[in-house]
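One file, target10.txt, is given below (compact mmCIF, C-alpha atoms and all ligand atoms).
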# COMPACT_ATOMS: atom_id res chain seq x y z
CA MET A 1 -76.91 151.13 -130.24
CA SER A 2 -79.03 148.53 -132.03
CA LEU A 3 -80.61 148.57 -135.48
CA ILE A 4 -83.20 145.80 -135.87
CA LEU A 5 -85.13 144.79 -138.98
CA ALA A 6 -88.46 143.19 -137.99
CA ILE A 7 -90.67 141.07 -140.24
CA GLU A 8 -94.35 140.18 -139.70
CA SER A 9 -96.24 137.75 -141.98
CA SER A 10 -98.55 135.79 -139.66
CA CYS A 11 -101.85 136.54 -141.42
CA ASP A 12 -102.82 138.83 -144.31
CA ASP A 13 -100.40 141.74 -143.74
CA THR A 14 -96.88 141.67 -145.13
CA SER A 15 -94.91 144.06 -142.97
CA ALA A 16 -91.34 145.16 -142.26
CA ALA A 17 -90.00 147.74 -139.80
CA VAL A 18 -86.64 149.16 -138.82
CA LEU A 19 -85.98 150.18 -135.23
CA ARG A 20 -83.11 152.11 -133.67
CA GLU A 21 -83.20 150.81 -130.10
CA SER A 22 -86.94 151.00 -129.30
CA GLU A 23 -87.62 153.85 -131.74
CA ILE A 24 -89.53 152.86 -134.87
CA LEU A 25 -87.79 154.46 -137.87
CA SER A 26 -90.07 152.86 -140.47
CA ASN A 27 -93.06 150.54 -140.36
CA VAL A 28 -94.30 149.47 -143.80
CA VAL A 29 -97.51 147.42 -144.00
CA TYR A 30 -98.90 145.90 -147.18
CA ASN A 31 -102.47 144.76 -146.49
CA GLN A 32 -103.51 142.02 -148.89
CA ALA A 33 -106.69 143.11 -150.63
CA ALA A 34 -106.97 139.76 -152.47
CA HIS A 35 -109.12 138.23 -149.69
CA LYS A 36 -111.93 140.80 -149.75
CA ILE A 37 -114.11 139.03 -152.33
CA TYR A 38 -114.00 135.78 -150.29
CA GLY A 39 -115.34 137.35 -147.07
CA GLY A 40 -112.34 136.16 -145.00
CA VAL A 41 -108.64 135.35 -145.24
CA VAL A 42 -107.78 132.50 -147.66
CA PRO A 43 -104.57 130.92 -146.25
CA GLU A 44 -103.18 129.70 -149.59
CA LEU A 45 -103.67 133.12 -151.18
CA ALA A 46 -102.07 134.81 -148.15
CA SER A 47 -98.81 132.84 -148.37
CA ARG A 48 -98.55 133.47 -152.12
CA GLU A 49 -99.07 137.20 -151.60
CA HIS A 50 -96.39 137.26 -148.87
CA ILE A 51 -93.89 135.64 -151.26
CA GLN A 52 -94.67 138.22 -153.93
CA LYS A 53 -94.46 141.25 -151.64
CA ILE A 54 -91.86 140.53 -148.96
CA VAL A 55 -88.76 141.75 -150.83
CA GLN A 56 -90.45 144.99 -151.86
CA VAL A 57 -91.80 145.64 -148.36
CA ILE A 58 -88.40 145.06 -146.69
CA ASP A 59 -86.62 147.26 -149.26
CA HIS A 60 -89.18 149.98 -148.67
CA ALA A 61 -88.73 149.79 -144.87
CA LEU A 62 -84.92 150.01 -145.14
CA LYS A 63 -85.12 152.97 -147.57
CA GLU A 64 -87.63 154.85 -145.45
CA ALA A 65 -85.44 154.37 -142.36
CA LYS A 66 -82.35 155.38 -144.41
CA VAL A 67 -80.58 152.26 -143.19
CA SER A 68 -78.44 149.87 -145.24
CA LYS A 69 -78.92 146.17 -144.55
CA ASN A 70 -75.20 145.97 -143.75
CA ASP A 71 -75.75 148.28 -140.74
CA LEU A 72 -78.35 145.99 -139.15
CA ASN A 73 -77.56 144.28 -135.83
CA ALA A 74 -80.36 141.70 -135.75
CA ILE A 75 -83.33 140.29 -137.70
CA ALA A 76 -86.60 139.80 -135.81
CA VAL A 77 -89.53 137.75 -137.05
CA THR A 78 -92.96 136.53 -135.96
CA ARG A 79 -92.63 132.81 -135.24
CA GLY A 80 -96.34 132.34 -134.42
CA PRO A 81 -99.21 132.03 -133.81
CA GLY A 82 -100.71 132.47 -137.25
CA LEU A 83 -101.25 130.78 -140.61
CA LEU A 84 -98.51 128.21 -141.13
CA GLY A 85 -97.95 128.96 -144.83
CA SER A 86 -97.72 132.68 -144.12
CA LEU A 87 -95.34 132.22 -141.18
CA ILE A 88 -93.06 130.00 -143.28
CA VAL A 89 -92.47 132.90 -145.69
CA GLY A 90 -91.42 135.38 -142.97
CA VAL A 91 -89.38 132.90 -140.92
CA GLY A 92 -87.60 131.51 -143.99
CA PHE A 93 -86.75 134.98 -145.22
CA ALA A 94 -85.55 136.14 -141.79
CA LYS A 95 -83.32 133.08 -141.42
CA SER A 96 -81.66 133.65 -144.80
CA LEU A 97 -81.08 137.32 -144.01
CA SER A 98 -79.65 136.51 -140.59
CA GLN A 99 -77.33 133.90 -142.09
CA SER A 100 -76.14 135.99 -145.03
CA LEU A 101 -75.58 139.14 -142.92
CA GLU A 102 -74.12 137.08 -140.05
CA ILE A 103 -76.30 138.77 -137.43
CA PRO A 104 -78.55 137.24 -134.73
CA LEU A 105 -82.10 136.05 -135.34
CA ILE A 106 -84.84 136.94 -132.82
CA GLU A 107 -88.16 135.07 -132.74
CA VAL A 108 -91.21 136.93 -131.48
CA GLN A 109 -94.59 135.64 -130.28
CA HIS A 110 -97.19 137.70 -132.15
CA THR A 111 -99.72 138.34 -129.36
CA GLN A 112 -96.97 139.31 -126.91
CA ALA A 113 -95.88 141.87 -129.50
CA HIS A 114 -99.43 143.32 -129.61
CA VAL A 115 -99.21 143.80 -125.82
CA LEU A 116 -95.68 145.25 -125.82
CA SER A 117 -96.57 147.75 -128.58
CA ASN A 118 -97.86 149.85 -125.66
CA LEU A 119 -94.26 150.42 -124.54
CA SER A 120 -93.76 152.70 -127.53
CA ASN A 121 -96.53 155.07 -126.39
CA GLU A 122 -95.44 158.61 -125.60
CA GLN A 123 -96.38 157.89 -122.00
CA PRO A 124 -95.81 154.16 -121.64
CA PRO A 125 -97.57 152.18 -118.88
CA SER A 126 -95.56 151.38 -115.78
CA PHE A 127 -95.14 147.77 -114.66
CA PRO A 128 -97.11 145.80 -113.72
CA PHE A 129 -99.82 146.57 -116.27
CA LEU A 130 -102.74 144.75 -117.84
CA CYS A 131 -103.51 144.60 -121.54
CA LEU A 132 -106.72 143.60 -123.30
CA THR A 133 -105.66 142.34 -126.73
CA VAL A 134 -108.60 142.31 -129.13
CA SER A 135 -108.02 141.43 -132.77
CA GLY A 136 -109.44 139.30 -135.57
CA GLY A 137 -107.57 136.30 -134.20
CA HIS A 138 -107.19 136.90 -130.46
CA THR A 139 -108.95 138.08 -127.32
CA GLN A 140 -106.76 137.94 -124.24
CA ILE A 141 -106.35 139.67 -120.90
CA VAL A 142 -102.60 139.70 -120.21
CA LYS A 143 -100.73 140.65 -117.06
CA VAL A 144 -97.30 142.14 -117.77
CA GLU A 145 -94.68 142.31 -115.04
CA SER A 146 -91.77 143.00 -117.38
CA PRO A 147 -91.16 142.75 -121.16
CA SER A 148 -90.21 139.10 -120.62
CA LYS A 149 -92.76 138.18 -117.95
CA LEU A 150 -96.26 138.03 -119.43
CA GLU A 151 -99.14 135.90 -118.19
CA ILE A 152 -102.51 135.26 -119.82
CA LEU A 153 -105.28 135.73 -117.23
CA GLY A 154 -108.19 135.10 -119.57
CA LYS A 155 -108.95 134.43 -123.23
CA THR A 156 -111.73 133.56 -125.62
CA ILE A 157 -112.78 129.94 -125.72
CA ASP A 158 -114.18 130.27 -129.26
CA ASP A 159 -114.31 133.35 -131.54
CA ALA A 160 -112.11 136.40 -131.13
CA ALA A 161 -113.74 139.82 -130.59
CA GLY A 162 -112.87 140.89 -134.16
CA GLU A 163 -114.46 137.72 -135.51
CA ALA A 164 -117.61 138.48 -133.51
CA PHE A 165 -117.76 141.91 -135.23
CA ASP A 166 -116.98 140.43 -138.66
CA LYS A 167 -119.44 137.53 -138.43
CA ALA A 168 -122.28 139.69 -137.06
CA GLY A 169 -121.51 142.18 -139.86
CA LYS A 170 -121.73 139.41 -142.44
CA MET A 171 -125.28 138.65 -141.20
CA LEU A 172 -126.05 142.32 -141.91
CA ASN A 173 -124.58 141.90 -145.42
CA LEU A 174 -121.66 144.22 -144.65
CA PRO A 175 -118.37 143.64 -146.52
CA TYR A 176 -115.41 141.89 -144.79
CA PRO A 177 -113.88 142.97 -142.45
CA ALA A 178 -117.09 144.40 -141.01
CA GLY A 179 -115.62 145.81 -137.76
CA PRO A 180 -114.75 149.30 -139.09
CA GLU A 181 -118.11 149.58 -140.95
CA ILE A 182 -120.10 148.59 -137.83
CA ASP A 183 -118.14 151.25 -135.90
CA LYS A 184 -119.05 153.90 -138.51
CA LEU A 185 -122.76 153.03 -138.70
CA ALA A 186 -123.07 152.57 -134.91
CA LYS A 187 -122.39 156.29 -134.50
CA LEU A 188 -125.67 156.98 -136.34
CA GLY A 189 -127.79 154.52 -134.35
CA THR A 190 -129.10 153.66 -130.88
CA PRO A 191 -128.19 150.42 -129.07
CA LYS A 192 -131.80 149.36 -128.57
CA TYR A 193 -131.52 145.59 -129.18
CA SER A 194 -129.84 143.28 -126.72
CA PHE A 195 -128.23 139.95 -127.49
CA SER A 196 -127.08 137.04 -125.40
CA LYS A 197 -124.00 137.70 -123.24
CA SER A 198 -121.44 135.01 -122.50
CA LYS A 199 -121.65 133.16 -119.20
CA VAL A 200 -118.22 131.51 -119.16
CA GLY A 201 -116.27 131.78 -115.93
CA ASP A 202 -113.38 133.86 -114.62
CA TYR A 203 -111.81 136.20 -117.16
CA ASP A 204 -112.56 134.06 -120.23
CA TYR A 205 -114.76 135.12 -123.12
CA SER A 206 -117.15 133.33 -125.48
CA PHE A 207 -118.92 134.85 -128.47
CA SER A 208 -120.71 131.81 -129.89
CA GLY A 209 -123.94 132.42 -127.94
CA PHE A 210 -123.91 136.06 -129.01
CA LYS A 211 -123.56 135.08 -132.68
CA THR A 212 -126.44 132.60 -132.49
CA SER A 213 -128.58 135.16 -130.72
CA VAL A 214 -127.98 137.77 -133.47
CA LEU A 215 -128.74 135.12 -136.12
CA TYR A 216 -132.07 134.04 -134.53
CA PHE A 217 -133.11 137.61 -133.81
CA LEU A 218 -132.58 138.59 -137.47
CA ARG A 219 -134.31 135.43 -138.72
CA ASP A 220 -137.41 136.20 -136.62
CA GLN A 221 -137.50 139.88 -137.58
CA LEU A 222 -137.01 139.13 -141.28
CA LYS A 223 -140.07 136.82 -141.20
CA GLU A 224 -142.18 139.85 -140.23
CA ASN A 225 -140.42 142.41 -142.41
CA GLU A 226 -138.05 141.47 -145.21
CA ASN A 227 -136.47 144.94 -145.13
CA PHE A 228 -135.77 144.80 -141.38
CA ILE A 229 -131.97 144.92 -141.77
CA GLU A 230 -131.91 147.83 -144.24
CA GLU A 231 -134.47 149.82 -142.23
CA ASN A 232 -132.68 149.33 -138.89
CA LEU A 233 -129.04 148.98 -139.92
CA ASN A 234 -127.63 151.77 -137.75
CA ASP A 235 -129.45 150.59 -134.62
CA LEU A 236 -128.39 147.01 -135.27
CA CYS A 237 -124.74 148.10 -135.59
CA ALA A 238 -124.95 150.21 -132.43
CA SER A 239 -126.50 147.26 -130.54
CA ILE A 240 -123.91 144.73 -131.76
CA GLN A 241 -121.06 147.10 -130.93
CA SER A 242 -122.29 147.98 -127.45
CA ASN A 243 -122.98 144.32 -126.65
CA ILE A 244 -119.45 143.20 -127.60
CA CYS A 245 -117.75 146.18 -125.91
CA GLU A 246 -119.70 145.78 -122.65
CA VAL A 247 -118.75 142.10 -122.39
CA LEU A 248 -115.10 142.90 -123.14
CA MET A 249 -114.90 145.64 -120.52
CA GLN A 250 -116.86 143.85 -117.78
CA LYS A 251 -114.28 141.06 -117.52
CA TYR A 252 -111.34 143.41 -118.02
CA GLU A 253 -112.51 145.67 -115.20
CA LYS A 254 -113.03 142.67 -112.93
CA ALA A 255 -109.49 141.44 -113.66
CA ALA A 256 -107.97 144.85 -112.89
CA ILE A 257 -109.88 145.16 -109.60
CA ASN A 258 -108.97 141.65 -108.45
CA GLU A 259 -105.31 141.99 -109.47
CA GLY A 260 -105.07 145.50 -108.00
CA ILE A 261 -103.43 146.82 -111.18
CA THR A 262 -103.96 150.46 -112.12
CA ASN A 263 -102.23 150.76 -115.51
CA LEU A 264 -104.48 149.40 -118.24
CA CYS A 265 -103.78 149.05 -121.99
CA LEU A 266 -105.61 148.04 -125.13
CA ALA A 267 -104.04 146.38 -128.19
CA GLY A 268 -105.08 144.73 -131.47
CA GLY A 269 -107.23 145.82 -134.41
CA VAL A 270 -110.48 146.06 -132.42
CA SER A 271 -108.90 148.68 -130.12
CA ALA A 272 -109.56 151.05 -133.05
CA ASN A 273 -113.26 150.75 -132.22
CA SER A 274 -114.60 154.08 -131.01
CA GLY A 275 -117.19 152.49 -128.69
CA LEU A 276 -114.58 150.31 -127.01
CA ARG A 277 -112.14 153.22 -126.64
CA GLN A 278 -114.80 155.36 -125.01
CA LEU A 279 -115.97 152.64 -122.62
CA PHE A 280 -112.35 151.77 -121.79
CA GLN A 281 -111.51 155.37 -121.00
CA GLU A 282 -114.70 155.88 -118.97
CA THR A 283 -114.03 152.70 -116.97
CA CYS A 284 -110.44 153.78 -116.25
CA GLU A 285 -111.53 157.29 -115.22
CA LYS A 286 -114.27 155.91 -112.95
CA ASN A 287 -111.72 153.71 -111.12
CA GLY A 288 -108.89 156.26 -111.15
CA TRP A 289 -106.73 154.06 -113.43
CA LYS A 290 -104.30 155.16 -116.14
CA SER A 291 -105.44 154.18 -119.65
CA HIS A 292 -103.10 153.53 -122.59
CA ILE A 293 -103.88 152.82 -126.25
CA PRO A 294 -101.13 152.56 -128.89
CA ASP A 295 -101.13 154.58 -132.08
CA PHE A 296 -103.63 153.17 -134.57
CA LYS A 297 -100.81 152.01 -136.86
CA LEU A 298 -99.46 149.87 -134.00
CA CYS A 299 -102.90 148.42 -133.14
CA THR A 300 -103.42 146.41 -136.32
CA ASP A 301 -100.89 143.81 -137.46
CA ASN A 302 -97.53 145.46 -138.16
CA ALA A 303 -93.80 144.72 -137.89
CA GLY A 304 -93.15 147.75 -135.66
CA MET A 305 -94.62 145.91 -132.68
CA ILE A 306 -92.53 142.83 -133.55
CA GLY A 307 -89.46 145.09 -133.46
CA ILE A 308 -90.39 146.50 -130.03
CA ALA A 309 -90.77 143.00 -128.53
CA ALA A 310 -87.50 141.98 -130.25
CA TYR A 311 -85.60 144.97 -128.85
CA TYR A 312 -86.15 143.76 -125.27
CA LYS A 313 -84.99 140.26 -126.27
CA TYR A 314 -81.94 141.81 -127.92
CA LEU A 315 -81.04 143.52 -124.65
CA ASN A 316 -81.13 140.09 -122.97
CA ASN A 317 -79.15 138.38 -125.77
CA ASP A 318 -82.20 136.16 -126.23
CA PHE A 319 -81.48 134.90 -129.76
CA SER A 320 -82.77 131.96 -131.83
CA ASP A 321 -80.91 129.28 -133.74
CA LEU A 322 -81.00 128.99 -137.50
CA ASP A 323 -82.99 125.76 -137.28
CA LEU A 324 -85.98 127.84 -136.07
CA THR A 325 -89.34 126.63 -137.42
CA PRO A 326 -92.65 128.52 -137.47
CA ASP A 327 -95.18 127.55 -134.81
CA ALA A 328 -98.78 128.15 -135.94
CA ARG A 329 -100.10 127.65 -132.39
CA MET A 330 -97.27 129.29 -130.49
CA GLN A 331 -98.18 130.05 -126.85
CA PHE A 332 -96.55 132.47 -124.42
O1 LIG B 1 -105.17 143.15 -135.29
P1 LIG B 1 -105.82 142.98 -136.62
O2 LIG B 1 -105.48 143.95 -137.71
O3 LIG B 1 -105.49 141.58 -137.21
C1 LIG B 1 -105.48 140.41 -136.49
O4 LIG B 1 -104.43 140.07 -135.86
O5 LIG B 1 -106.54 139.76 -136.50
O6 LIG B 1 -107.40 142.97 -136.35
C2 LIG B 1 -108.33 142.87 -137.40
C3 LIG B 1 -109.73 142.87 -136.79
C4 LIG B 1 -110.84 142.58 -137.78
O7 LIG B 1 -111.69 141.61 -137.21
C5 LIG B 1 -111.55 143.93 -137.91
O8 LIG B 1 -112.92 143.81 -138.18
C6 LIG B 1 -111.31 144.53 -136.54
O9 LIG B 1 -109.99 144.16 -136.20
N1 LIG B 1 -111.44 145.99 -136.52
C7 LIG B 1 -112.45 146.64 -135.91
C8 LIG B 1 -112.24 148.02 -136.14
N2 LIG B 1 -111.10 148.16 -136.91
C9 LIG B 1 -110.62 146.89 -137.12
N3 LIG B 1 -113.47 146.18 -135.18
C10 LIG B 1 -114.31 147.08 -134.67
N4 LIG B 1 -114.20 148.42 -134.87
C11 LIG B 1 -113.18 148.93 -135.58
N5 LIG B 1 -113.07 150.24 -135.76
ZN ZN B 2 -102.48 140.39 -134.61

I need this file expressed as structure tokens, please.
Amino acid sequence: MSLILAIESSCDDTSAAVLRESEILSNVVYNQAAHKIYGGVVPELASREHIQKIVQVIDHALKEAKVSKNDLNAIAVTRGPGLLGSLIVGVGFAKSLSQSLEIPLIEVQHTQAHVLSNLSNEQPPSFPFLCLTVSGGHTQIVKVESPSKLEILGKTIDDAAGEAFDKAGKMLNLPYPAGPEIDKLAKLGTPKYSFSKSKVGDYDYSFSGFKTSVLYFLRDQLKENENFIEENLNDLCASIQSNICEVLMQKYEKAAINEGITNLCLAGGVSANSGLRQLFQETCEKNGWKSHIPDFKLCTDNAGMIGIAAYYKYLNNDFSDLDLTPDARMQF
């Protein structure tokens, strides 16, 4: 039986989790509020906050799981991708713990962990499955044949889906991160405005044309009526949300049809979006596919998902050396 302590520090969440085999016993997430006033994540601030919080967060996770650090069998950590300064904190800490406790170190690729978080669902997807990972940093369609065989079929060539929500929200003067607020207001509006949809090929995404189209639309409307945003906020949110979700699902559906895969998952912070969930479920029902979405706590950045990915590496004795370095642009 394995007890794994997992650490995640790739962006603005300091998180630690303890897993018994693949069961998450604790999953503590400290979300850094310090960035809010800057309208985005400030890398230097993020690494400082990680340093200040990491000991507390790990202690908390061990206590909640009722596990002593001496009982641990391995330390797992996000190696990348992410902010270099933030990754250095987690990787450095994990290496010292692994060395002092004389237990193996397991490196985890962050976006693979988002995908594999689906394996902890009550009814996990069967292999092969597809996952659409949509977060503030990533948008990927991934084909999963086993926990160690993952392939990216498509990805964004510029902004991530979460960034598209956040940047469009900023144009509407909504606070960062705007995704959850757009979701809330969209429920009160009608998607009556349409914006430019990406024309990039295959299963790739692009949100730069969409962003420019929202910007120019608002600029033109504001010339006519300076209160246009305030007076139409709910409809604008509903339109932005439906535009992003339709684009996301169109390519995802095409990938599933062409690959002949019938188990489909969502992952990442944007999978909390009610419009995307609904469209995802409708699309799966229409095609007779099985749909899977992890628990909300496992959708946003958290160490629980790092622990799940690490557990499968543990089973394969896939360990890292102590000269491990963070990799800000780590690929699959
Ligand atoms: O996965 P996550 O917590 O962190 C990253 O790895 O980026 O995702 C954060 C992103 C932000 O862009 C946020 O606006 C978006 O997820 N988000 C949402 C919702 N909840 C979070 N976007 C749309 N609707 C939501 N309900
Ligand atoms: Zn993430």

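Distance-wise, CA of Asn302 (chain A) and CA of Asp13 (chain A) end up 7.3 Å apart.
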
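Each of A:Asn258, A:Ser68, A:Thr300, A:Ser206 was checked against ligand LIG 1 (chain B) using all atoms listed in the file; the smallest atom-to-atom distance is that of A:Thr300.
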
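Neighbours of Ile75 (chain A) closer than or equal to 8 Å, with all atoms listed in the file counted and sequence neighbours fewer than 2 positions away skipped, come out as Ile4, Leu5, Ala6, Ile7, Leu72, Asn73, Val77, Ala94, Leu97, Ser98, Ile103, Pro104, Leu105 and Ile106 of chain A.
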
* When distances are computed from only C-alpha atoms, which of A:Asp158, A:Asp183, A:Glu64, A:Glu230 shows the smallest separation from Ser26 (chain A)? -> A:Glu64

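The shortest atom-to-atom distance to ligand LIG 1 (chain B), with all atoms listed in the file taken into account, belongs to A:Ile182 out of A:Val200, A:Leu324, A:Cys237, A:Ile182.
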
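Our summary of the geometry notes that CA of Glu102 (chain A) is positioned 22.1 Å from CA of Ser15 (chain A).
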
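Remark: for ligand LIG 1 (chain B), the closest of the candidate residues A:Asn316, A:Gln281, A:Ser96, A:Thr14 is A:Thr14 (distances computed over only C-alpha atoms and all ligand atoms).
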
* To do: For region 111-121 of chain A, please output as an MDAnalysis selection string all residues within 10 Å (counting all atoms listed in the file; exclusion window: fewer than 3 positions along the same chain).
  => chainID A and resid 22:24 78 80:82 108 124:126 129:135 137:144 146:152 264:269 292:295 298:310 312 330:332

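Nearest to ligand ZN 2 (chain B) of all the residues A:Lys251, A:His110, A:Lys170, A:Lys187 is A:His110, counting all atoms listed in the file.
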
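In this structure, CA of Leu153 (chain A) sits 11.3 Å away from CA of Lys254 (chain A).
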
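The shortest atom-to-atom distance to ligand LIG 1 (chain B), with only C-alpha atoms and all ligand atoms taken into account, belongs to A:Ile240 out of A:Ile58, A:Ile261, A:Leu315, A:Ile240.
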
* May I have the residues within 8 Å of Lys167 (chain A) as number ranges by chain, using all atoms listed in the file and disregarding those fewer than 4 positions away in the same chain? => A: 163, 171, 178, 211

* Find the residues near region 39-44 of chain A: any atom within 9 Å, counting all atoms listed in the file, skip ones fewer than 2 places away on the same chain, and give them as a VMD selection string. => chain A and resid 11 to 12 34 to 37 46 to 49 83 to 86 166 170 175 to 177

* **Who sits within 7 Å of Ala65 (chain A), only C-alpha atoms, same chain under 3 positions skipped, as a PyMOL selection string** => chain A and resi 18+25-26+61-62

Can those selected residues be exported to a file as an mmCIF file, in the frame of the given file so that it contains C-alpha atoms?
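out.cif was written with the following content:
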data_model
loop_
_atom_site.group_PDB
_atom_site.id
_atom_site.type_symbol
_atom_site.label_atom_id
_atom_site.label_comp_id
_atom_site.auth_asym_id
_atom_site.auth_seq_id
_atom_site.Cartn_x
_atom_site.Cartn_y
_atom_site.Cartn_z
ATOM 1 C CA VAL A 18 -86.640 149.160 -138.820
ATOM 2 C CA LEU A 25 -87.790 154.460 -137.870
ATOM 3 C CA SER A 26 -90.070 152.860 -140.470
ATOM 4 C CA ALA A 61 -88.730 149.790 -144.870
ATOM 5 C CA LEU A 62 -84.920 150.010 -145.140
#

Edge lengths and centre in Å to one decimal, as JSON, is what I'm after for the box along x, y and z that holds all listed atoms of ligand LIG 1 (chain B) once 6 Å is added on each side.
{"center_x": -109.4, "center_y": 145.0, "center_z": -136.4, "size_x": 21.9, "size_y": 22.5, "size_z": 15.5}
